[in-house]
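Student: Following this message is one structure expressed as structure tokens.
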Amino acid sequence: MAEITRDVLIVGAGAAGLTAANDLRKAGLSVAVLEARDRVGGRLWTDVIDGAMLEIGGQWVSPDQDALKDALEELGLSTYSRYREGESVYIGPSGELTRFTGDIFPVAPATEKIMVDLIERLDAMVAEIDPDRPWAHPDAEALDEVSFEQWLAVQTDDQEARDNIALFIAGAMLTKPAHAFSTLQALLMAASAGSFSNLVDADFILDERVVGGLQQVPLLLAERLGDDVLLNQPVRSLEWGDAGVTATTDDLTVRARFAILAHAPVLYNRISFVPPMPRRQHQLHQHLSMGFVIKVHAVYDRPFWREQGLSGTAFSPYELSHEAYDNTNHGDERGTLVGFVSDKHADGVFELSAEERKERILESLSHYYGPEAKNPVVYYESDWGSEEWTRGAYAASFDLGGLHRYGKDLRTPVGPIHFACSDLAGAGYQHVDGAIRMGHLVASDIVEASRSTSAAAGSAHTSAAAGSAQ
Ligand code: FDA
């Protein structure tokens with residue numbers, strides 16, 4: 001068993017862990033990043049599948065994501081706009097397709113008015129939420145004890161308006177059914193992106209992509225760390241106490257003053273803590289779970305939908321694929337569509353054979369774009385549910401009542417163990433921007449803690465020396 005010693009050991013080479021590691025290095029602390037997989041990036045993963053470059057995990061950047069934008073600039077990465085020329089499509093409850101432009105789906109005027117009113121009401125509520133402290137809202141407890149579905153049902157009996165408003169948070173963001181998360185959790189999701197209106201606006205929330213893929217962020221950050229990033233090193237146990245931490249993988253022991261757990265909170269229990277984590281963390285961690293969505297990539301010899309005047313943007317809470325977009329790569333002559341199949345729909349299609357699943361999903365895409373959608377030259381499903389070191393997509397959220405009860409301790413360090421991940425973020429929650437923010441924050445907390453422990457050790461040393469001189 002090889003042994004190394006560092007100031008800080010970081011568990012997970014995703015955007016959060018690698019950001020923290022680089023900041024700590026810059027502050028003069030030594031680091032080791034232990035990554036379970038044989039690659040860096042975690043939920044950021046660009047790969048070539050059957051000759052097509054696909055972003056299997058996260059890819060989009062929105063204008064408010066300053067931390068991510070700063071990282072892109074600092075790393076010398078350039079961005080391009082999502083294709084958005086032409087009309088979007090919406091499929092209503094009876095299966096009828098309507099083309100439209102703008103944000104508001106083309107529904108009956110009465111339903112449209114209800115949707116606009118609900119968006120305004122949600123924007124006003126979101127404006128009162130601090131994404132870093134949603135539990136501090138005066139009505140946090142009440143908002144956390146009612147599901148988003150129940151809240152919508154109280155606001156209106158227009159089912160189509162409810163289905164559409166729910167879609168922006170449930171299928172599209174938390175990737176859980178709207179009965180499974182609270183209204184406070186929904187408000188946090190919207191507050192983390194600036195407003196509910198921002199979630200409704202696909203041109204805002206899915207604004208840009210990175211030339212060459214977003215995984216370049218962790219790849220370039222890891223490159224700067226060189227041999228201090230160790231792959232195929234799943235941390236199995238973590239001993240901790242006043243003297244620091246000792247992590248053990250299958251073939252390595254790492255001793256450090258501090259540890260950062262930089263991965264999804266649902267994976268904390270994969271590590272055996274010695275002594276065990278405190279009661280509060282044992283309870284808290286059980287109230288978080290990953291959402292579940294299949295990201296479907298379909299590549300065609302050309303972006304045929306553009307010939308019909310379509311932007312590729314498509315929505316329907318009544319379709320298997322509730323949203324889909326033109327996802328053609330920068331400079332690519334071929335056309336790529338990306339569709340999403342979320343929560344219970346994803347469970348359902350995983351009951352089918354791979355062939356049947358593909359047929360059902362492409363059938364759904366053909367409802368938006370016509371029969372040509374059924375014949376891609378490359379087809380791939382990102383299935384993060386079967387990834388041992390992620391276990392779902394996009395990220396983790398609290399069950400009903402969990403956010404106001406436990407949220408404030410999500411990031412509270414336990415002795416020398418600190419926490420960082422997109423799933424713990426306020427602004428940028430569940431996004432790469434949030435992962436980077438959490439990486440910066442945890443690094444600055446550790447630098448401060450490290451200075452105060454060094455200062456305390458220094459003054460103890462001085463007084464011991466003074467004592468011995470007397
Ligand atoms: P992340 O999970 O990426 O990294 C944690 C790392 O820790 C992993 O590499 C894991 O292997 C490792 N690990 C876990 N346990 C370990 C152990 N015991 N020992 C060692 N290593 C361990 N975001 C966005 O901004 N725009 C977007 O378009 C999208 N779209 C999107 C699509 C899909 C399909 C997914 C799955 C996700 C997105 N996201 C996104 C979300 C975004 O990808 C995500 O929020 C961040 O990449 C998470 O980064 P973290 O570093 O926090 O965790």
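Following the order of the structure tokens, chains are lettered A, B, ..., residues in each are numbered from 1, and ligands are numbered from 1.
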What's the 8 Å shell around range 213-225 of chain A, counting only C-alpha atoms, without same-chain residues fewer than 5 positions away, as a list in words?

Tutor: Ala13, Gly14, Ala15, Leu18, Thr19, Ala21, Asn22, Val40, Gly41, Leu44, Trp45, Thr46, Glu55, Gly58, Gln59, Trp60, Ala71, Leu72 and Leu75 of chain A

Student: Per DSSP on the backbone, what are the helix (DSSP H, G or I) residues of range 123-360 of chain A, as a PyMOL selection string?

Tutor: chain A and resi 123-127+134-136+140-144+148-155+159-174+183-192+196-200+202-205+216-228+265-270+279-286+304-307+343-349+354-360

Student: With a distance cut-off of 8 Å and only C-alpha atoms, select the neighbouring residues of Thr336 in chain A, excluding the residue or stretch itself and same-chain residues fewer than 6 positions from it, and output the selection as a VMD selection string.

Tutor: chain A and resid 297 to 300 303 326 to 329

Student: Which is closer to Pro275 in chain A than all the others in A:Ser237, A:Ser364, A:Gln150, A:Thr412, using only C-alpha atoms?

Tutor: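 Checking each candidate against Pro275 in chain A, we get A:Ser237 as the closest.
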
Student: Quick one: of A:Gly426, A:Gly57, A:Pro376, A:Pro93, who's nearest to Ile129 in chain A, counting only C-alpha atoms?

Tutor: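 Of all the options, A:Gly426 lies closest to Ile129 in chain A.
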
Student: Which is closer to Phe292 in chain A than all the others in A:Val341, A:Leu77, A:Val442, A:Ile56, using only C-alpha atoms?

Tutor: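 Among A:Val341, A:Leu77, A:Val442, A:Ile56, it is A:Val341 that comes nearest to Phe292 in chain A.
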
Student: Per DSSP on the backbone, what are the strand (DSSP E) residues of range 235-339 of chain A, as an MDAnalysis selection string?

Tutor: chainID A and resid 237:241 244:248 252:256 258:261 272:274 288:290 293:300 310:315 323:326 335:339

Student: Excluding Ala108 in chain A and its own-chain neighbours fewer than 4 positions away, which residues fall within 12 Å of it when counting only C-alpha atoms? Please give them as a list of chain:residue names.

Tutor: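 After dropping sequence-adjacent residues, the list is A:Gly92, A:Pro93, A:Thr98, A:Ile104, A:Glu112, A:Lys113, A:Ile114, A:Met115, A:Asp158, A:Glu160, A:Ala161.
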
Student: Would you save the residues from that selection as a PDB file, in the first residue's frame, using N, CA and C atoms?

Tutor:
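So part-v2.pdb came out as:
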ATOM      1  N   GLY A  92     -49.795  19.708 -27.452  1.00  0.00           N
ATOM      2  CA  GLY A  92     -50.761  19.850 -26.352  1.00  0.00           C
ATOM      3  C   GLY A  92     -51.327  18.509 -25.901  1.00  0.00           C
ATOM      4  N   PRO A  93     -52.282  18.562 -24.938  1.00  0.00           N
ATOM      5  CA  PRO A  93     -52.789  17.331 -24.325  1.00  0.00           C
ATOM      6  C   PRO A  93     -53.453  16.374 -25.302  1.00  0.00           C
ATOM      7  N   THR A  98     -48.366  22.599 -32.446  1.00  0.00           N
ATOM      8  CA  THR A  98     -48.457  24.013 -32.832  1.00  0.00           C
ATOM      9  C   THR A  98     -47.057  24.596 -32.864  1.00  0.00           C
ATOM     10  N   ILE A 104     -43.722  31.681 -24.322  1.00  0.00           N
ATOM     11  CA  ILE A 104     -44.977  31.119 -23.812  1.00  0.00           C
ATOM     12  C   ILE A 104     -45.560  30.140 -24.825  1.00  0.00           C
ATOM     13  N   GLU A 112     -53.202  30.589 -21.411  1.00  0.00           N
ATOM     14  CA  GLU A 112     -52.015  31.450 -21.506  1.00  0.00           C
ATOM     15  C   GLU A 112     -52.024  32.488 -20.384  1.00  0.00           C
ATOM     16  N   LYS A 113     -53.188  33.074 -20.152  1.00  0.00           N
ATOM     17  CA  LYS A 113     -53.266  34.098 -19.090  1.00  0.00           C
ATOM     18  C   LYS A 113     -52.907  33.482 -17.726  1.00  0.00           C
ATOM     19  N   ILE A 114     -53.408  32.276 -17.487  1.00  0.00           N
ATOM     20  CA  ILE A 114     -53.111  31.619 -16.200  1.00  0.00           C
ATOM     21  C   ILE A 114     -51.608  31.331 -16.105  1.00  0.00           C
ATOM     22  N   MET A 115     -51.020  30.873 -17.208  1.00  0.00           N
ATOM     23  CA  MET A 115     -49.580  30.577 -17.174  1.00  0.00           C
ATOM     24  C   MET A 115     -48.767  31.846 -16.898  1.00  0.00           C
ATOM     25  N   ASP A 158     -56.820  24.725 -14.092  1.00  0.00           N
ATOM     26  CA  ASP A 158     -56.483  24.531 -15.513  1.00  0.00           C
ATOM     27  C   ASP A 158     -55.326  23.534 -15.605  1.00  0.00           C
ATOM     28  N   GLU A 160     -53.752  22.037 -18.045  1.00  0.00           N
ATOM     29  CA  GLU A 160     -52.667  22.247 -19.019  1.00  0.00           C
ATOM     30  C   GLU A 160     -51.688  23.316 -18.497  1.00  0.00           C
ATOM     31  N   ALA A 161     -52.241  24.356 -17.872  1.00  0.00           N
ATOM     32  CA  ALA A 161     -51.359  25.386 -17.289  1.00  0.00           C
ATOM     33  C   ALA A 161     -50.487  24.762 -16.198  1.00  0.00           C
TER      34      ALA A 161
END

Student: Compile the contact shell of Arg306 in chain A as a tab-separated table (two decimals) with C-alpha atoms, in the first residue's frame: residues with an atom at most 10 Å away, counting only C-alpha atoms, same-chain residues fewer than 3 positions apart removed.

Tutor:
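In the end it all went to around-v3.tsv:
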chain	number	residue	atom	x	y	z
A	83	TYR	CA	-29.09	27.08	-32.78
A	84	ARG	CA	-32.38	28.93	-32.37
A	85	GLU	CA	-33.42	30.30	-35.79
A	86	GLY	CA	-37.01	29.51	-36.76
A	87	GLU	CA	-40.05	28.28	-34.90
A	302	ARG	CA	-28.09	16.96	-41.98
A	303	PRO	CA	-30.18	19.18	-39.67
A	309	GLY	CA	-38.18	26.43	-40.63
A	310	LEU	CA	-37.87	24.76	-37.22
A	311	SER	CA	-35.38	25.84	-34.57
A	312	GLY	CA	-35.33	22.34	-33.11
A	326	ASP	CA	-31.00	21.29	-31.94
A	335	GLY	CA	-27.41	17.69	-37.46
A	369	TYR	CA	-39.91	16.89	-36.21

Student: Just the residues within 7 Å of Ser30 in chain A, please, counting only C-alpha atoms, with nothing from its chain fewer than 3 positions along; format it as a ChimeraX atom specification.

Tutor: /A:6-8,25

Student: Nearest residue to Arg437 in chain A out of A:Leu68, A:Arg37, A:Glu363, A:Thr5, using only C-alpha atoms?

Tutor: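 For Arg437 in chain A, the nearest of the given residues is A:Leu68.
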
Student: Between A:Thr101, A:Ser94, A:Ser62, A:Ser192, which has the minimum distance to Ser81 in chain A (counting only C-alpha atoms)?

Tutor: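 Using only C-alpha atoms, the shortest distance to Ser81 in chain A belongs to A:Ser62.
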
Student: Mind pulling up the distance from CA of Lys295 in chain A to atom 49 (O, counted along the ligand's line) of ligand 1?

Tutor: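 Spanning atom 49 (O, counted along the ligand's line) of ligand 1 to CA of Lys295 in chain A is a straight-line distance of 16.7 Å.
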
Student: Identify which of the residues A:Ser182, A:Gln283, A:Thr79, A:Thr390 lies closest to ligand 1, counting only C-alpha atoms and all ligand atoms when measuring atom-to-atom distances.

Tutor: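 Smallest separation from ligand 1 among the options: A:Thr390.
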
Student: CA of Tyr368 in chain A and CA of Val296 in chain A are how many Å apart?

Tutor: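 Calculated distance between CA of Tyr368 in chain A and CA of Val296 in chain A is 14.5 Å.
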
Student: Can you measure CA of Leu24 in chain A to CA of Thr453 in chain A for me? One decimal in Å is fine.

Tutor: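 Those two atoms sit 15.7 Å apart.
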